[in-house]
$ cat structure_38.txt   # compact mmCIF, C-alpha atoms
# COMPACT_ATOMS: atom_id res chain seq x y z
CA MET A 173 -19.32 -16.44 10.90
CA ASP A 174 -15.59 -15.74 11.29
CA ASP A 175 -14.94 -13.37 14.21
CA THR A 176 -11.18 -13.19 13.62
CA PRO A 177 -10.17 -9.50 13.50
CA PRO A 178 -8.57 -8.52 10.16
CA LEU A 179 -6.06 -6.35 11.99
CA LEU A 180 -4.03 -6.83 15.16
CA VAL A 181 -2.62 -3.86 17.09
CA GLU A 182 -0.19 -3.97 19.98
CA GLU A 183 2.03 -1.35 21.57
CA ALA A 184 4.80 -0.86 24.07
CA ASP A 185 7.26 1.92 24.90
CA GLY A 186 5.80 4.33 22.36
CA ILE A 187 5.98 1.83 19.47
CA VAL A 188 2.74 0.61 17.90
CA VAL A 189 2.75 -2.57 15.81
CA VAL A 190 -0.10 -2.94 13.30
CA ARG A 191 -0.32 -6.43 11.79
CA LEU A 192 -2.43 -7.57 8.85
CA ASN A 193 -4.30 -10.67 10.00
CA ARG A 194 -5.80 -12.47 7.00
CA PRO A 195 -3.16 -15.16 6.33
CA GLU A 196 -5.76 -17.56 4.93
CA ALA A 197 -6.45 -14.97 2.19
CA ARG A 198 -2.81 -13.92 1.70
CA ASN A 199 -3.59 -10.77 3.69
CA THR A 200 -5.60 -9.36 0.79
CA LEU A 201 -7.03 -5.92 1.45
CA SER A 202 -10.72 -6.63 1.94
CA PRO A 203 -13.13 -3.72 2.58
CA PRO A 204 -13.22 -4.47 6.35
CA LEU A 205 -9.41 -4.58 6.49
CA ILE A 206 -9.11 -1.32 4.53
CA GLU A 207 -11.58 0.32 6.89
CA ALA A 208 -9.74 -0.98 9.96
CA LEU A 209 -6.37 0.17 8.60
CA THR A 210 -7.72 3.63 7.78
CA ARG A 211 -9.41 4.07 11.15
CA THR A 212 -6.28 2.88 12.97
CA ALA A 213 -4.06 5.33 11.10
CA GLN A 214 -6.45 8.20 11.80
CA ASP A 215 -6.45 7.32 15.51
CA LEU A 216 -2.65 7.09 15.60
CA ARG A 217 -2.30 10.50 13.99
CA ARG A 218 -4.06 12.07 16.96
CA ARG A 219 -1.89 10.40 19.60
CA ALA A 220 1.03 12.41 20.96
CA ASP A 221 2.39 9.42 22.90
CA VAL A 222 3.18 7.35 19.79
CA ARG A 223 6.82 7.63 18.72
CA ALA A 224 6.91 5.09 15.86
CA VAL A 225 4.52 2.75 14.03
CA ILE A 226 5.36 -0.56 12.37
CA LEU A 227 3.04 -1.99 9.71
CA THR A 228 3.64 -5.64 8.90
CA GLY A 229 2.01 -8.85 7.71
CA THR A 230 1.91 -12.33 9.15
CA GLY A 231 4.93 -14.59 9.07
CA THR A 232 6.11 -15.07 5.52
CA LEU A 233 4.05 -12.52 3.58
CA PHE A 234 2.95 -8.92 3.67
CA SER A 235 -0.06 -8.75 1.32
CA ALA A 236 -1.24 -9.83 -2.13
CA GLY A 237 -3.20 -6.59 -2.52
CA ILE A 238 -6.84 -6.42 -3.61
CA ASP A 239 -8.81 -9.57 -4.44
CA LEU A 240 -9.19 -9.38 -8.24
CA LYS A 241 -11.93 -12.02 -8.25
CA SER A 242 -14.39 -9.73 -6.49
CA ASP A 243 -17.09 -7.96 -8.50
CA PRO A 244 -17.79 -4.54 -6.98
CA ASP A 245 -19.41 -2.88 -10.03
CA LYS A 246 -23.12 -3.55 -9.44
CA ASP A 247 -24.02 -0.16 -7.97
CA THR A 248 -24.49 3.20 -9.68
CA LEU A 249 -21.49 5.12 -10.96
CA SER A 250 -21.90 7.67 -8.17
CA GLU A 251 -21.88 4.90 -5.57
CA ARG A 252 -18.84 3.25 -7.15
CA ARG A 253 -17.06 6.61 -7.26
CA VAL A 254 -17.62 7.13 -3.53
CA ARG A 255 -16.48 3.57 -2.79
CA ALA A 256 -13.34 4.17 -4.85
CA LEU A 257 -12.25 6.72 -2.23
CA ALA A 258 -11.35 3.88 0.15
CA GLY A 259 -7.91 3.18 -1.31
CA PRO A 260 -6.72 6.80 -1.64
CA ASP A 261 -8.10 7.58 1.83
CA LEU A 262 -6.23 4.59 3.26
CA CYS A 263 -2.88 5.67 1.82
CA ARG A 264 -3.41 9.29 2.78
CA ALA A 265 -4.26 8.30 6.37
CA TRP A 266 -1.00 6.37 6.70
CA GLU A 267 1.01 9.13 5.06
CA GLU A 268 -0.43 11.66 7.53
CA ILE A 269 0.50 9.77 10.71
CA GLU A 270 2.78 12.23 12.50
CA ALA A 271 4.93 9.52 14.08
CA VAL A 272 7.43 7.72 11.85
CA ALA A 273 5.82 4.77 10.04
CA ILE A 274 7.97 1.79 9.04
CA VAL A 275 6.76 -1.15 6.94
CA ALA A 276 8.25 -4.64 7.45
CA ILE A 277 7.82 -6.73 4.29
CA GLU A 278 8.31 -10.45 3.87
CA GLY A 279 7.24 -12.43 0.82
CA TYR A 280 5.26 -10.24 -1.54
CA CYS A 281 3.86 -6.73 -1.46
CA VAL A 282 1.52 -6.32 -4.42
CA GLY A 283 -0.84 -3.72 -5.89
CA GLY A 284 -2.78 -1.80 -3.26
CA ALA A 285 -0.53 -3.21 -0.53
CA CYS A 286 2.47 -1.77 -2.36
CA ALA A 287 0.70 1.60 -2.70
CA LEU A 288 0.07 1.50 1.06
CA ALA A 289 3.69 0.64 1.86
CA LEU A 290 4.93 3.50 -0.34
CA ALA A 291 2.72 5.95 1.58
CA CYS A 292 4.71 5.22 4.75
CA ASP A 293 8.13 6.60 5.66
CA PHE A 294 10.48 3.60 5.44
CA ARG A 295 10.36 0.05 4.11
CA VAL A 296 12.40 -2.90 5.39
CA MET A 297 12.33 -6.02 3.19
CA GLY A 298 13.37 -9.61 3.62
CA MET A 299 15.91 -10.75 1.05
CA SER A 300 13.38 -12.86 -0.89
CA ALA A 301 10.58 -10.30 -0.71
CA MET A 302 9.33 -8.44 -3.76
CA MET A 303 7.18 -5.46 -4.70
CA ARG A 304 4.88 -5.29 -7.69
CA LEU A 305 2.25 -2.97 -9.19
CA PRO A 306 0.39 -5.23 -11.66
CA GLU A 307 -2.53 -2.90 -12.39
CA VAL A 308 -1.44 -1.62 -15.84
CA ALA A 309 -0.47 -5.12 -16.96
CA LEU A 310 -3.97 -6.28 -15.98
CA GLY A 311 -5.74 -3.53 -17.93
CA MET A 312 -6.31 -0.74 -15.39
CA ASN A 313 -4.49 2.41 -14.31
CA MET A 314 -2.49 2.69 -11.11
CA SER A 315 -4.57 4.68 -8.66
CA TRP A 316 -4.63 5.19 -4.86
CA GLY A 317 -2.40 8.26 -5.32
CA ALA A 318 0.55 5.94 -5.92
CA VAL A 319 1.96 7.47 -9.12
CA PRO A 320 3.33 10.69 -7.58
CA ARG A 321 4.70 8.76 -4.60
CA VAL A 322 6.51 6.28 -6.85
CA THR A 323 7.83 9.12 -9.03
CA ALA A 324 9.12 11.00 -5.98
CA LEU A 325 11.04 7.91 -4.86
CA LEU A 326 12.30 6.63 -8.22
CA GLY A 327 12.35 9.51 -10.67
CA PRO A 328 10.30 9.49 -13.89
CA ALA A 329 12.02 6.77 -15.95
CA ARG A 330 12.12 4.12 -13.24
CA ALA A 331 8.62 5.08 -12.08
CA LYS A 332 7.31 4.43 -15.61
CA ARG A 333 9.17 1.13 -15.76
CA PHE A 334 7.96 -0.04 -12.35
CA ILE A 335 4.33 0.92 -12.99
CA ILE A 336 3.96 0.12 -16.70
CA GLU A 337 5.78 -3.23 -16.78
CA GLY A 338 4.21 -4.41 -13.54
CA ALA A 339 6.97 -6.97 -13.09
CA PRO A 340 7.94 -8.40 -9.70
CA THR A 341 10.80 -6.28 -8.36
CA THR A 342 13.26 -8.00 -6.05
CA ALA A 343 14.30 -6.63 -2.69
CA ALA A 344 17.81 -5.96 -4.02
CA THR A 345 16.43 -3.88 -6.88
CA CYS A 346 13.99 -2.11 -4.55
CA LEU A 347 16.94 -1.14 -2.36
CA ALA A 348 19.02 0.06 -5.32
CA TRP A 349 16.12 2.09 -6.71
CA GLY A 350 14.98 3.61 -3.40
CA LEU A 351 11.72 1.72 -2.92
CA ALA A 352 13.27 -0.07 0.07
CA ASP A 353 15.46 1.44 2.77
CA GLU A 354 16.94 -1.75 4.21
CA VAL A 355 17.14 -5.40 3.11
CA VAL A 356 17.75 -8.11 5.69
CA ALA A 357 17.76 -11.90 5.87
CA ASP A 358 14.41 -13.58 5.29
CA GLY A 359 12.32 -13.66 8.45
CA GLN A 360 14.17 -10.70 9.97
CA ALA A 361 12.24 -7.77 8.46
CA PHE A 362 10.08 -7.20 11.53
CA GLU A 363 13.04 -7.40 13.93
CA ALA A 364 14.99 -4.92 11.81
CA ALA A 365 11.97 -2.59 11.58
CA TYR A 366 11.51 -2.79 15.36
CA ALA A 367 15.18 -1.92 15.93
CA TRP A 368 14.73 1.08 13.64
CA ALA A 369 11.54 2.09 15.44
CA SER A 370 13.34 1.82 18.78
CA ARG A 371 16.06 4.18 17.58
CA VAL A 372 13.43 6.68 16.42
CA ALA A 373 11.48 6.31 19.67
CA ALA A 374 14.60 7.29 21.64
CA LEU A 375 14.86 10.63 19.80
CA PRO A 376 13.13 13.87 20.86
CA PRO A 377 9.58 13.43 19.50
CA LEU A 378 8.77 17.02 18.52
CA PRO A 379 11.64 17.62 16.07
CA VAL A 380 11.16 14.13 14.63
CA ARG A 381 7.52 14.87 13.86
CA MET A 382 8.31 18.35 12.57
CA THR A 383 11.04 17.01 10.29
CA LYS A 384 8.75 14.36 8.85
CA GLN A 385 6.06 16.97 8.24
CA ALA A 386 8.54 19.35 6.58
CA VAL A 387 9.97 16.69 4.25
CA ASN A 388 6.48 15.45 3.33
CA ALA A 389 5.37 19.03 2.61
CA CYS A 390 8.33 19.48 0.25
CA THR A 391 7.80 16.24 -1.62
CA THR A 392 4.00 15.95 -1.74
CA ALA A 393 2.98 19.55 -2.48
CA LEU A 394 1.83 18.69 -6.03
CA HIS A 395 0.65 15.14 -5.39
CA SER A 396 -3.06 15.95 -5.23
CA ALA A 397 -2.79 18.03 -8.41
CA THR A 398 -1.20 15.16 -10.33
CA ALA A 399 -3.33 12.32 -8.92
CA PHE A 400 -6.79 13.88 -8.61
CA MET A 401 -8.06 12.05 -11.71
CA ASP A 402 -6.71 8.58 -10.95
CA ARG A 403 -9.94 7.53 -9.24
CA ASP A 404 -12.03 8.35 -12.33
CA GLN A 405 -9.42 6.78 -14.59
CA PHE A 406 -9.72 3.64 -12.49
CA LEU A 407 -13.51 3.61 -12.87
CA LEU A 408 -13.13 4.12 -16.63
CA THR A 409 -10.68 1.26 -17.05
CA ARG A 410 -13.01 -1.02 -15.09
CA THR A 411 -15.53 -0.73 -17.94
CA THR A 412 -13.16 -2.04 -20.64
CA ASP A 413 -12.96 -5.45 -22.28
CA ASP A 414 -9.19 -5.29 -21.73
CA LEU A 415 -9.67 -5.31 -17.95
CA ARG A 416 -11.98 -8.31 -18.12
CA GLU A 417 -9.46 -10.07 -20.36
CA GLY A 418 -6.57 -9.15 -18.06
CA ILE A 419 -8.28 -10.50 -14.94
CA GLU A 420 -9.53 -13.66 -16.69
CA ALA A 421 -6.04 -14.33 -18.04
CA PHE A 422 -4.56 -13.77 -14.58
CA VAL A 423 -7.03 -16.15 -12.92
CA GLN A 424 -6.63 -18.75 -15.68
CA LYS A 425 -2.82 -18.33 -15.67
CA ARG A 426 -2.58 -17.69 -19.42
CA PRO A 427 -1.20 -14.85 -21.58
CA ALA A 428 -3.68 -12.00 -22.11
CA THR A 429 -4.68 -10.58 -25.48
CA PHE A 430 -5.40 -6.85 -25.25
CA ARG A 431 -7.21 -4.90 -27.98
CA GLY A 432 -7.34 -1.38 -26.56
CA ASP A 433 -11.08 -1.47 -25.85
$ encode --input "structure_38.txt" --output "structure tokens"
Amino acid sequence: MDDTPPLLVEEADGIVVVRLNRPEARNTLSPPLIEALTRTAQDLRRRADVRAVILTGTGTLFSAGIDLKSDPDKDTLSERRVRALAGPDLCRAWEEIEAVAIVAIEGYCVGGACALALACDFRVMGMSAMMRLPEVALGMNMSWGAVPRVTALLGPARAKRFIIEGAPTTAATCLAWGLADEVVADGQAFEAAYAWASRVAALPPLPVRMTKQAVNACTTALHSATAFMDRDQFLLTRTTDDLREGIEAFVQKRPATFRGD
């Protein structure tokens, strides 16, 4: 039995570093890792001594998202619907941290990991890093409350392009579009994020937190109204032949043939 913790947390001088710790699995978001990330964010929200939080991966990659090879659909629909709360709850927990949350991204940031990164305040990317939301291209909708967050950052046309095409989006394009806030040399994303966190940590904490809360209130007021069905849409798309074809094609590295069923 592997006792390696899926998440590493360290802190100093008001800055908390949260590091995904599943490099052997490309830092995929397993249920234990999702639970640990959610619980950590909820704990951080209640701490007045935290000035800034950095979320990062290990070495050369952030996360490949959810493991598509898993088969979670053996329970009742009600049980699956409750389990499907995990992703939205994770992103909401990170969005609601009162301290500034910065994500340092190397390599790739895919699917649920991308949704998580977009729920935080700022994103720093290595030059060769990329973001991608492949869900639609695989035969499912984009859930986890990500659609309104992407639309708020990109505007409607680019949001549709980013989500519908599901293509890898380079760091340079992410910066130009507003998905990323800073692009640095490969291997320097964490250092740049830490420098940013240090600048934030030196500011008066109360107005920083109040400003973050005010901006989030302005931009997320309608998010729950526009994303409340994405969980059920996700469960619906998981019943289709197109999803099975999309995942099989992905695993087998071949073009998919979708039939709308």
$ atom_distance --input "structure_38.txt" --atom1 "atom CA of Lys384 of chain A" --atom2 "atom CA of Ile269 of chain A"
9.6 Å
$ residues_around --input "structure_38.txt" --residues "Asp433 of chain A" --least-positions-apart "5" --cutoff "12 Å" --atoms "all atoms listed in the file" --output "ChimeraX atom specification"
/A:311-312,408-418
$ closest_atom_pairs --input "structure_38.txt" --of "segment 299-386 of chain A" --to "segment 211-227 of chain A" --cutoff "12 Å" --atoms "all atoms listed in the file" --output "tab-separated table"
residue	atom	partner	partner_atom	distance
A:Ala361	CA	A:Ile226	CA	10.7
A:Phe362	CA	A:Ile226	CA	8.2
A:Glu363	CA	A:Ile226	CA	10.4
A:Ala364	CA	A:Ile226	CA	10.6
A:Ala365	CA	A:Ile226	CA	7.0
A:Tyr366	CA	A:Ile226	CA	7.2
A:Ala367	CA	A:Ile226	CA	10.5
A:Trp368	CA	A:Ala224	CA	9.1
A:Ala369	CA	A:Ala224	CA	5.5
A:Ser370	CA	A:Ala224	CA	7.8
A:Arg371	CA	A:Ala224	CA	9.4
A:Val372	CA	A:Ala224	CA	6.7
A:Ala373	CA	A:Arg223	CA	4.9
A:Ala374	CA	A:Arg223	CA	8.3
A:Leu375	CA	A:Arg223	CA	8.6
A:Pro376	CA	A:Arg223	CA	9.1
A:Pro377	CA	A:Arg223	CA	6.5
A:Leu378	CA	A:Ala220	CA	9.3
A:Pro379	CA	A:Arg223	CA	11.4
A:Val380	CA	A:Arg223	CA	8.8
A:Arg381	CA	A:Arg223	CA	8.7
A:Lys384	CA	A:Ala224	CA	11.8
$ closest_residue --input "structure_38.txt" --among "A:Thr341, A:Thr228, A:Thr200, A:Thr210" --to "Leu180 of chain A" --atoms "all atoms listed in the file"
A:Thr228
$ residues_around --input "structure_38.txt" --residues "Ala428 of chain A" --least-positions-apart "2" --cutoff "9 Å" --atoms "only C-alpha atoms" --output "PDB file with C-alpha atoms, keeping the file's coordinate frame"
ATOM      1  CA  LEU A 310      -3.970  -6.280 -15.980  1.00  0.00           C
ATOM      2  CA  ASP A 414      -9.190  -5.290 -21.730  1.00  0.00           C
ATOM      3  CA  GLU A 417      -9.460 -10.070 -20.360  1.00  0.00           C
ATOM      4  CA  GLY A 418      -6.570  -9.150 -18.060  1.00  0.00           C
ATOM      5  CA  ILE A 419      -8.280 -10.500 -14.940  1.00  0.00           C
ATOM      6  CA  GLU A 420      -9.530 -13.660 -16.690  1.00  0.00           C
ATOM      7  CA  ALA A 421      -6.040 -14.330 -18.040  1.00  0.00           C
ATOM      8  CA  PHE A 422      -4.560 -13.770 -14.580  1.00  0.00           C
ATOM      9  CA  ARG A 426      -2.580 -17.690 -19.420  1.00  0.00           C
ATOM     10  CA  PHE A 430      -5.400  -6.850 -25.250  1.00  0.00           C
TER      11      PHE A 430
END
$ atom_distance --input "structure_38.txt" --atom1 "atom CA of Met302 of chain A" --atom2 "atom CA of Ala324 of chain A"
19.6 Å
